[in-house]
Every structure is written in C-alpha cells, then in structure tokens.
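Colleague: Here it is, the structure in full.
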Amino acid sequence: MSETVLDVENLEVYYETEDGPVQAVDDVSFEVEEGETLGIVGESGCGKTTLAKAIIGILPHNGYVNDGAIRFRGEDLTEMDERRRRRHKWEEISMIPQSAMNGLDPVYTIREQITETIQVHRPGTDRLESDRIVDEMFELVGLDPDRADEYPHQFSGGMRQRAMIAMALALDPALILADEPTTALDVIMQDQILQRIEGMQDELESSMLVITHDVSVVAETCDRVVVMYAGQVAEEGPVDEIFGNPYHPYTIGLKRAFPDIRKSDQDLMSIAGHPPTLVDPPSGCRFAERCPMATAECEREYPAERRFGELRTYCHHADRIDEEFRPVADRARTWERTEAAGGD
Ligand SMILES: Nc1ncnc2c1ncn2[C@@H]1O[C@H](COP(=O)(O)OP(=O)(O)OP(=O)(O)O)[C@@H](O)[C@H]1O
Ligand SMILES: [Mg+2]
C-alpha cells in the first residue's frame, strides 16, 4: 500500500463578498497517494485555484476555510499555527502558480531568485550547494544552466515558465501543485512543457496536483482525475475510466469540448450555458440547468455518491447513462438547450 500524502476531506472554502459568501469550494474530498499525479479539471471559475491556494495556505484576505480538513501526511493543515504552516510551505508543498511566467521578479537574475528561496528555507546551505541545486533543476526542466544568471526579460514565456517550475522543485517538495502549467503558452511550448512534466515524474518521487481546464493536459499527465463543477466534485476516478467511460453527463460533455487526437474529424462543442452563481448556488445538482438528462429530482436534491468500479460519480441518473445517454451523447442535438423545458 502506498502512503497517502494529501487527504482533503469535506473541504469548504468561501470568499466574503458584498453579495454574501461565495462558496468557491463546497464539500470537496479526494486523496493523493505518494508518487501519484492527480488532475483537477473543470471550467473557469469552478474553484480549482481556490482549492490549490487553500492547500498551500495562500488564500487572499477575504478567503477562508469554512469547514473540512486538509491533511498532509496525516496532519491537518487548517489547524496548524501560522509559523509551522509557513515552514511547510515550499519545503513540503510547493506551487507553480497560474500565470507563473509573470511571477518572477524583473530586477534579480533567475539564479538569485531560486537561491533566495533555498536560503530562506535551508539557511545552512552555502553558495556552492545552492548553485549546484539551481544547475540541477535547470537541467531537469530542460534549460541551459549557463543561462541561470540572466534576467527574466531575457527569457521567452516558455523559458520563464520552466524557470518557475525549477524554482518550485528546488526544495524537493513532497507535493507540487501545478496551476494551469501550460495555459499561457503556444501549442508547441505547451507540448514541450508537458513532456518535461512527464519526464520529471519519472525522476522525482514527488506527488503532483495538475490543475487545468484543459482535458488533454490531464489525459496526458495524470494517473487519476477529479472533475469539478461549480465548486463541487462531479466525478473522480482513474484517468482511463474518466475519459474512456465516464458516468457524469458533465464529464461526457467536457470531453466533447476538447479535441481527441485519435479522432480528427469530430465536431467540437462546448456545453451551452454557464455554471450557476456560487453566492447562492442551487441546492440540487449544480449541473442540472445545463444537463440533457436533468429531471425535477435533479433540481431538488443533491445527488448521492455512486460507485462504478474505481469511479465515483454524483448523478441521479448514473444508472441510465450506459443505455440511454452514451449512445446519443455525441449528437449535437443532445446538447441543444430546450428553451420550452425551462431554459432561460
Ligand atoms: N478573491 C476573491 N474574492 C471573491 N471571489 C473570488 C475570489 N477569488 C475567486 N473568487 C470566485 O471563486 C470562484 C472560484 O474561482 P477560482 O479562481 O478558484 O476558479 P478556477 O477554477 O481556478 O478558474 P480559472 O479556470 O478561471 O482559473 C469563482 O466564482 C470566482 O469568481
Ligand atoms: Mg484558476
């Protein structure tokens, strides 16, 4: 049995706003095992970054953990005092932030910035040792170590992204949170970074959380996937099952919205409509309004967990997916909104 590195249980993360609390993460549970790469996928605004920030402890001032636990190797981070929490940060858990390529300080060289991180967390480290770590990390992410003494503006976007990854890896953390690691990059650079991440996974023993709206990124890099919708888990399971045989209509729709390299002539289609507001979200299934399978029950009640082998899914109609939904899920008509049936 491998060890559980991260155990998120019934987590609720809210933001205080003038309109009331935004329930950005609502009753989310999942685990990350040692050495495993878990994907968190879902549309913009579904709470992915909020989840990552809560885990590493960098929520903005109006954000707070309302309930639940975030256990790192069994210890609840939400109950840890600030000083110990800070020590944990970057040493045990590090983050490659969203738009990381803009996260470097323009007035210091890359080497100075990585060295600073190492010095803060490992004050005993001498210059030779930190230089060695910088060189090693540069090689790992596919950058020429000789260029570590350059400034961020001398690097391309893709190189800055790699430099940020090198920085996140410098302290050899047990868990790496990568928030949209390739989104800001062009397609060729995206591919190179993904290949690097895959290569790193073989070399490092770290566990990873890959956060993205891009299904193909998750399909390429992850062992297991959590599909999030409007702050909640819609479905979770091994990557092959999530994309090969999902049981949640949202996962099926999301999959349709991204190109499948094996089928070149398919119609790509995004799901019509938008996720609900998270200030006063619906009490039933949050996907009901956009779901071709939705009935009155879906709007009334939150679906209980259903299991299909290693997959867990939250859909009232999960039993009908195989026979009734899968055969028609690829048709555009299935996803057309029927205004007469209560659409807006
Ligand atoms: N500081 C904040 N104050 C209030 N609401 C916030 C704040 N940050 C995020 N939110 C809201 O919380 C919800 C989740 O946002 P979050 O950034 O976690 O989503 P995301 O899945 O990372 O989206 P994206 O794919 O666009 O990065 C959204 O409704 C967003 O508007
Ligand atoms: Mg985000």
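Ligands are numbered from 1 in the order shown, residues from 1 within each chain, and chains are lettered A, B, ... in the order they appear in the structure tokens.
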Looking only at strand (DSSP E or B) from DSSP on the backbone, list the matching residues of stretch 172-224 of chain A as a count of residues only.
Modeller: 12
Colleague: Would you name the residues within 10 Å of ligand 1, counting only C-alpha atoms and all ligand atoms, and put them as a PyMOL selection string?
Modeller: chain A and resi 13-25+40-54+59-63+98-99+179-180+183+211-214+228-231+275-279
Colleague: Residues of the last selection are to be written out with N, CA and C atoms, as a compact mmCIF listing (two decimals), in the first residue's frame.
Modeller:
```txt
# COMPACT_ATOMS: atom_id res chain seq x y z
N VAL A 13 -14.34 26.10 1.08
CA VAL A 13 -13.58 27.35 1.08
C VAL A 13 -14.47 28.45 0.51
N TYR A 14 -14.67 29.50 1.30
CA TYR A 14 -15.56 30.58 0.90
C TYR A 14 -14.79 31.88 0.77
N TYR A 15 -15.37 32.81 0.00
CA TYR A 15 -14.86 34.19 -0.05
C TYR A 15 -15.95 35.11 0.48
N GLU A 16 -15.57 36.01 1.35
CA GLU A 16 -16.51 37.02 1.84
C GLU A 16 -16.64 38.10 0.77
N THR A 17 -17.86 38.39 0.32
CA THR A 17 -18.05 39.49 -0.63
C THR A 17 -19.27 40.32 -0.21
N GLU A 18 -19.45 41.46 -0.87
CA GLU A 18 -20.58 42.33 -0.54
C GLU A 18 -21.92 41.63 -0.76
N ASP A 19 -21.95 40.71 -1.72
CA ASP A 19 -23.20 40.00 -2.01
C ASP A 19 -23.42 38.79 -1.11
N GLY A 20 -22.48 38.52 -0.23
CA GLY A 20 -22.57 37.33 0.63
C GLY A 20 -21.42 36.39 0.31
N PRO A 21 -21.29 35.29 1.06
CA PRO A 21 -20.17 34.38 0.82
C PRO A 21 -20.24 33.66 -0.52
N VAL A 22 -19.13 33.66 -1.26
CA VAL A 22 -19.00 32.88 -2.49
C VAL A 22 -18.53 31.48 -2.08
N GLN A 23 -19.34 30.47 -2.37
CA GLN A 23 -18.98 29.11 -1.97
C GLN A 23 -18.12 28.46 -3.06
N ALA A 24 -16.87 28.90 -3.12
CA ALA A 24 -15.99 28.55 -4.24
C ALA A 24 -15.61 27.07 -4.25
N VAL A 25 -15.41 26.50 -3.05
CA VAL A 25 -15.14 25.06 -2.92
C VAL A 25 -16.13 24.54 -1.89
N ILE A 40 -6.97 17.97 -11.54
CA ILE A 40 -8.22 18.62 -11.15
C ILE A 40 -8.67 19.39 -12.38
N VAL A 41 -9.80 19.00 -12.95
CA VAL A 41 -10.22 19.62 -14.20
C VAL A 41 -11.64 20.16 -14.09
N GLY A 42 -11.89 21.25 -14.79
CA GLY A 42 -13.23 21.85 -14.78
C GLY A 42 -13.16 23.23 -15.41
N GLU A 43 -14.33 23.78 -15.75
CA GLU A 43 -14.39 25.07 -16.42
C GLU A 43 -13.88 26.20 -15.54
N SER A 44 -13.64 27.34 -16.18
CA SER A 44 -13.21 28.54 -15.47
C SER A 44 -14.19 28.88 -14.34
N GLY A 45 -13.66 29.19 -13.17
CA GLY A 45 -14.49 29.62 -12.05
C GLY A 45 -15.03 28.49 -11.20
N CYS A 46 -14.63 27.24 -11.46
CA CYS A 46 -15.21 26.13 -10.70
C CYS A 46 -14.49 25.89 -9.37
N GLY A 47 -13.44 26.68 -9.08
CA GLY A 47 -12.82 26.59 -7.76
C GLY A 47 -11.46 25.92 -7.72
N LYS A 48 -10.84 25.70 -8.88
CA LYS A 48 -9.57 24.97 -8.93
C LYS A 48 -8.44 25.71 -8.22
N THR A 49 -8.28 27.00 -8.56
CA THR A 49 -7.20 27.79 -7.95
C THR A 49 -7.46 27.98 -6.46
N THR A 50 -8.71 28.20 -6.11
CA THR A 50 -9.08 28.35 -4.70
C THR A 50 -8.66 27.12 -3.91
N LEU A 51 -8.90 25.96 -4.48
CA LEU A 51 -8.53 24.70 -3.83
C LEU A 51 -7.02 24.65 -3.61
N ALA A 52 -6.25 24.98 -4.66
CA ALA A 52 -4.78 24.95 -4.55
C ALA A 52 -4.29 25.94 -3.50
N LYS A 53 -4.86 27.15 -3.51
CA LYS A 53 -4.42 28.17 -2.55
C LYS A 53 -4.74 27.76 -1.13
N ALA A 54 -5.88 27.12 -0.94
CA ALA A 54 -6.24 26.65 0.41
C ALA A 54 -5.25 25.59 0.88
N LEU A 59 -4.54 31.77 0.69
CA LEU A 59 -5.82 32.38 0.32
C LEU A 59 -5.74 33.89 0.53
N PRO A 60 -6.43 34.67 -0.31
CA PRO A 60 -6.46 36.12 -0.07
C PRO A 60 -7.22 36.44 1.22
N HIS A 61 -7.17 37.71 1.64
CA HIS A 61 -7.73 38.06 2.94
C HIS A 61 -9.20 37.73 3.11
N ASN A 62 -9.97 37.84 2.03
CA ASN A 62 -11.40 37.56 2.17
C ASN A 62 -11.74 36.07 2.00
N GLY A 63 -10.73 35.24 1.79
CA GLY A 63 -10.96 33.81 1.62
C GLY A 63 -10.70 33.05 2.92
N GLN A 98 -0.72 29.91 -11.30
CA GLN A 98 -1.34 30.26 -12.57
C GLN A 98 -0.67 31.54 -13.09
N SER A 99 -0.43 31.65 -14.39
CA SER A 99 0.38 32.73 -15.00
C SER A 99 1.74 32.84 -14.31
N ASP A 179 -0.71 24.89 -11.22
CA ASP A 179 -1.98 25.52 -11.59
C ASP A 179 -1.90 26.01 -13.04
N GLU A 180 -2.62 25.38 -13.94
CA GLU A 180 -2.60 25.72 -15.36
C GLU A 180 -1.16 25.85 -15.86
N THR A 183 -1.26 26.82 -19.83
CA THR A 183 -2.33 27.58 -20.48
C THR A 183 -1.87 28.82 -21.24
N ILE A 211 -3.61 21.15 -12.15
CA ILE A 211 -4.89 21.85 -12.18
C ILE A 211 -5.06 22.51 -13.53
N THR A 212 -6.15 22.22 -14.23
CA THR A 212 -6.32 22.80 -15.56
C THR A 212 -7.76 22.71 -16.04
N HIS A 213 -8.12 23.60 -17.00
CA HIS A 213 -9.44 23.47 -17.62
C HIS A 213 -9.31 22.58 -18.86
N ASP A 214 -8.08 22.19 -19.19
CA ASP A 214 -7.79 21.52 -20.46
C ASP A 214 -7.74 20.00 -20.28
N MET A 228 -14.29 18.77 -11.47
CA MET A 228 -15.03 19.70 -10.61
C MET A 228 -16.06 20.46 -11.41
N TYR A 229 -17.21 20.70 -10.79
CA TYR A 229 -18.21 21.56 -11.41
C TYR A 229 -18.78 22.50 -10.35
N ALA A 230 -18.68 23.79 -10.60
CA ALA A 230 -19.25 24.81 -9.70
C ALA A 230 -18.91 24.54 -8.23
N GLY A 231 -17.64 24.32 -7.96
CA GLY A 231 -17.18 24.20 -6.57
C GLY A 231 -17.29 22.81 -5.97
N PRO A 275 -22.04 27.97 -15.69
CA PRO A 275 -22.23 27.44 -14.34
C PRO A 275 -23.04 28.42 -13.49
N PRO A 276 -23.73 27.94 -12.46
CA PRO A 276 -24.54 28.82 -11.62
C PRO A 276 -23.66 29.75 -10.77
N THR A 277 -24.26 30.80 -10.26
CA THR A 277 -23.54 31.67 -9.33
C THR A 277 -23.21 30.89 -8.06
N LEU A 278 -22.07 31.21 -7.47
CA LEU A 278 -21.66 30.48 -6.27
C LEU A 278 -22.00 31.26 -5.00
N VAL A 279 -22.69 32.39 -5.16
CA VAL A 279 -23.11 33.14 -3.97
C VAL A 279 -24.32 32.46 -3.33
```
Colleague: So how many Å separate atom CA of A:Met208 and atom CA of A:Ile114, to one decimal?
Modeller: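 Taking atom CA of A:Met208 and atom CA of A:Ile114, their separation equals 20.3 Å.
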Colleague: In Å, with one decimal, what is the gap from atom CA of A:Glu301 to atom CA of A:Pro282?
Modeller: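 So the two atoms, atom CA of A:Glu301 and atom CA of A:Pro282, lie 9.3 Å apart.
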Colleague: Could you tell me how far atom CA of A:Leu104 sits from atom CA of A:Met167, in Å to one decimal place?
Modeller: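 Taking atom CA of A:Met167 as the start and atom CA of A:Leu104 as the end point, the length is 9.9 Å.
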Colleague: Of the residues A:Pro173, A:Pro327, A:His153, A:Pro97, which is the one nearest to ligand 2, using only C-alpha atoms and all ligand atoms?
Modeller: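 When distances to ligand 2 are compared using only C-alpha atoms and all ligand atoms, the smallest one comes from A:Pro97.
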Colleague: Set the distance at 12 Å and use only C-alpha atoms: which residues neighbour stretch 79-82 of chain A once local chain neighbours fewer than 6 positions away are removed? I'd like the list as a PDB file with N, CA and C atoms, in the first residue's frame.
Modeller:
```
ATOM      1  N   ILE A  56      -2.065  25.133  -0.020  1.00  0.00           N
ATOM      2  CA  ILE A  56      -0.732  25.660   0.314  1.00  0.00           C
ATOM      3  C   ILE A  56      -0.805  26.814   1.326  1.00  0.00           C
ATOM      4  N   GLY A  57      -2.013  27.280   1.605  1.00  0.00           N
ATOM      5  CA  GLY A  57      -2.177  28.299   2.643  1.00  0.00           C
ATOM      6  C   GLY A  57      -1.904  29.714   2.175  1.00  0.00           C
ATOM      7  N   ILE A  58      -2.322  30.068   0.962  1.00  0.00           N
ATOM      8  CA  ILE A  58      -2.134  31.439   0.478  1.00  0.00           C
ATOM      9  C   ILE A  58      -3.454  32.038  -0.015  1.00  0.00           C
ATOM     10  N   VAL A  65     -11.231  28.932   5.067  1.00  0.00           N
ATOM     11  CA  VAL A  65     -11.715  27.558   5.110  1.00  0.00           C
ATOM     12  C   VAL A  65     -12.897  27.533   6.067  1.00  0.00           C
ATOM     13  N   ASP A  67     -15.045  24.899   6.523  1.00  0.00           N
ATOM     14  CA  ASP A  67     -15.227  23.600   7.174  1.00  0.00           C
ATOM     15  C   ASP A  67     -14.348  22.574   6.470  1.00  0.00           C
ATOM     16  N   GLY A  68     -14.167  21.415   7.101  1.00  0.00           N
ATOM     17  CA  GLY A  68     -13.437  20.321   6.480  1.00  0.00           C
ATOM     18  C   GLY A  68     -11.968  20.300   6.882  1.00  0.00           C
ATOM     19  N   ALA A  69     -11.232  19.358   6.309  1.00  0.00           N
ATOM     20  CA  ALA A  69      -9.836  19.173   6.689  1.00  0.00           C
ATOM     21  C   ALA A  69      -8.943  19.045   5.455  1.00  0.00           C
ATOM     22  N   ILE A  70      -7.695  19.500   5.603  1.00  0.00           N
ATOM     23  CA  ILE A  70      -6.665  19.304   4.581  1.00  0.00           C
ATOM     24  C   ILE A  70      -5.509  18.615   5.293  1.00  0.00           C
ATOM     25  N   ARG A  71      -5.412  17.294   5.192  1.00  0.00           N
ATOM     26  CA  ARG A  71      -4.350  16.587   5.916  1.00  0.00           C
ATOM     27  C   ARG A  71      -3.161  16.310   5.015  1.00  0.00           C
ATOM     28  N   PHE A  72      -1.991  16.769   5.487  1.00  0.00           N
ATOM     29  CA  PHE A  72      -0.754  16.479   4.785  1.00  0.00           C
ATOM     30  C   PHE A  72       0.002  15.457   5.615  1.00  0.00           C
ATOM     31  N   HIS A  88       6.132  24.643   6.341  1.00  0.00           N
ATOM     32  CA  HIS A  88       5.633  23.605   5.447  1.00  0.00           C
ATOM     33  C   HIS A  88       5.637  24.064   3.993  1.00  0.00           C
ATOM     34  N   LYS A  89       5.202  25.338   3.849  1.00  0.00           N
ATOM     35  CA  LYS A  89       5.041  25.898   2.528  1.00  0.00           C
ATOM     36  C   LYS A  89       6.366  25.851   1.782  1.00  0.00           C
TER      37      LYS A  89
END
```
Colleague: Hey, what's within 10 Å of A:Val225 if we count only C-alpha atoms and toss same-chain stuff fewer than 4 positions away? As a list of chain:residue names, please?
Modeller: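 Final neighbour list, sorted by chain and number: A:Phe30, A:Thr37, A:Leu38, A:Gly39, A:Ile40, A:Val41, A:Leu209, A:Val210, A:Ile211, A:Val215, A:Val218, A:Ala219, A:Glu235, A:Glu236, A:Gly237, A:Pro238, A:Val239, A:Asp240, A:Glu241, A:Ile242, A:Phe243, A:Leu311.
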Colleague: Could the residues in this selection be saved with C-alpha atoms as an mmCIF file, in the first residue's frame?
Modeller:
```cif
data_model
loop_
_atom_site.group_PDB
_atom_site.id
_atom_site.type_symbol
_atom_site.label_atom_id
_atom_site.label_comp_id
_atom_site.auth_asym_id
_atom_site.auth_seq_id
_atom_site.Cartn_x
_atom_site.Cartn_y
_atom_site.Cartn_z
ATOM 1 C CA PHE A 30 -10.100 13.467 -2.531
ATOM 2 C CA THR A 37 -0.266 12.684 -10.238
ATOM 3 C CA LEU A 38 -3.853 13.766 -9.694
ATOM 4 C CA GLY A 39 -5.619 16.050 -12.151
ATOM 5 C CA ILE A 40 -8.215 18.624 -11.153
ATOM 6 C CA VAL A 41 -10.218 19.616 -14.203
ATOM 7 C CA LEU A 209 -1.695 18.012 -8.449
ATOM 8 C CA VAL A 210 -2.168 19.211 -12.029
ATOM 9 C CA ILE A 211 -4.889 21.852 -12.178
ATOM 10 C CA VAL A 215 -8.883 17.902 -20.642
ATOM 11 C CA VAL A 218 -4.935 15.949 -17.730
ATOM 12 C CA ALA A 219 -5.223 12.994 -20.098
ATOM 13 C CA GLU A 235 -16.812 12.674 -10.721
ATOM 14 C CA GLU A 236 -13.483 11.109 -9.767
ATOM 15 C CA GLY A 237 -11.535 8.083 -10.930
ATOM 16 C CA PRO A 238 -8.573 6.649 -12.868
ATOM 17 C CA VAL A 239 -7.762 8.716 -15.964
ATOM 18 C CA ASP A 240 -8.657 5.913 -18.413
ATOM 19 C CA GLU A 241 -12.097 5.485 -16.911
ATOM 20 C CA ILE A 242 -12.794 9.196 -16.532
ATOM 21 C CA PHE A 243 -12.182 9.808 -20.211
ATOM 22 C CA LEU A 311 -15.084 5.613 -10.342
#
```
Colleague: Quick one: residues within 9 Å of A:Gln201, only C-alpha atoms counted, chain neighbours fewer than 3 positions away excluded, as a PyMOL selection string?
Modeller: chain A and resi 35-37+196-198+204-208+221
Colleague: Write out as a VMD selection string which residues come within 7 Å of stretch 110-112 of chain A when counting only C-alpha atoms, dropping same-chain ones fewer than 5 positions away.
Modeller: chain A and resid 134 148 to 152
Colleague: Stretch 198-284 of chain A: which residues are alpha helix (DSSP H) by DSSP, as a PyMOL selection string?
Modeller: chain A and resi 198-203+215-221+239-244+249-256
Colleague: Between A:Pro292, A:Ala329, A:Leu140, A:Pro181, single out the one closest to ligand 2, counting only C-alpha atoms and all ligand atoms.
Modeller: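 Of the candidates, the smallest distance to ligand 2 is held by A:Pro181.
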Colleague: Would you mind telling me which residue in A:Val328, A:Ile321, A:Leu171, A:Met159 lies nearest to A:Arg147 when using only C-alpha atoms?
Modeller: A:Met159
Colleague: Return the single residue from A:Glu33, A:Arg331, A:Leu254, A:Ala170 that is closest to A:Gly74, with distances computed using only C-alpha atoms.
Modeller: A:Glu33
Colleague: For each of A:Asp105, A:Met164, A:Phe138, A:Ala178, take the minimum atom-to-atom distance to ligand 2, counting only C-alpha atoms and all ligand atoms, then give the residue where this is smallest.
Modeller: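 Checking each of A:Asp105, A:Met164, A:Phe138, A:Ala178 against ligand 2, counting only C-alpha atoms and all ligand atoms, the winner is A:Ala178.
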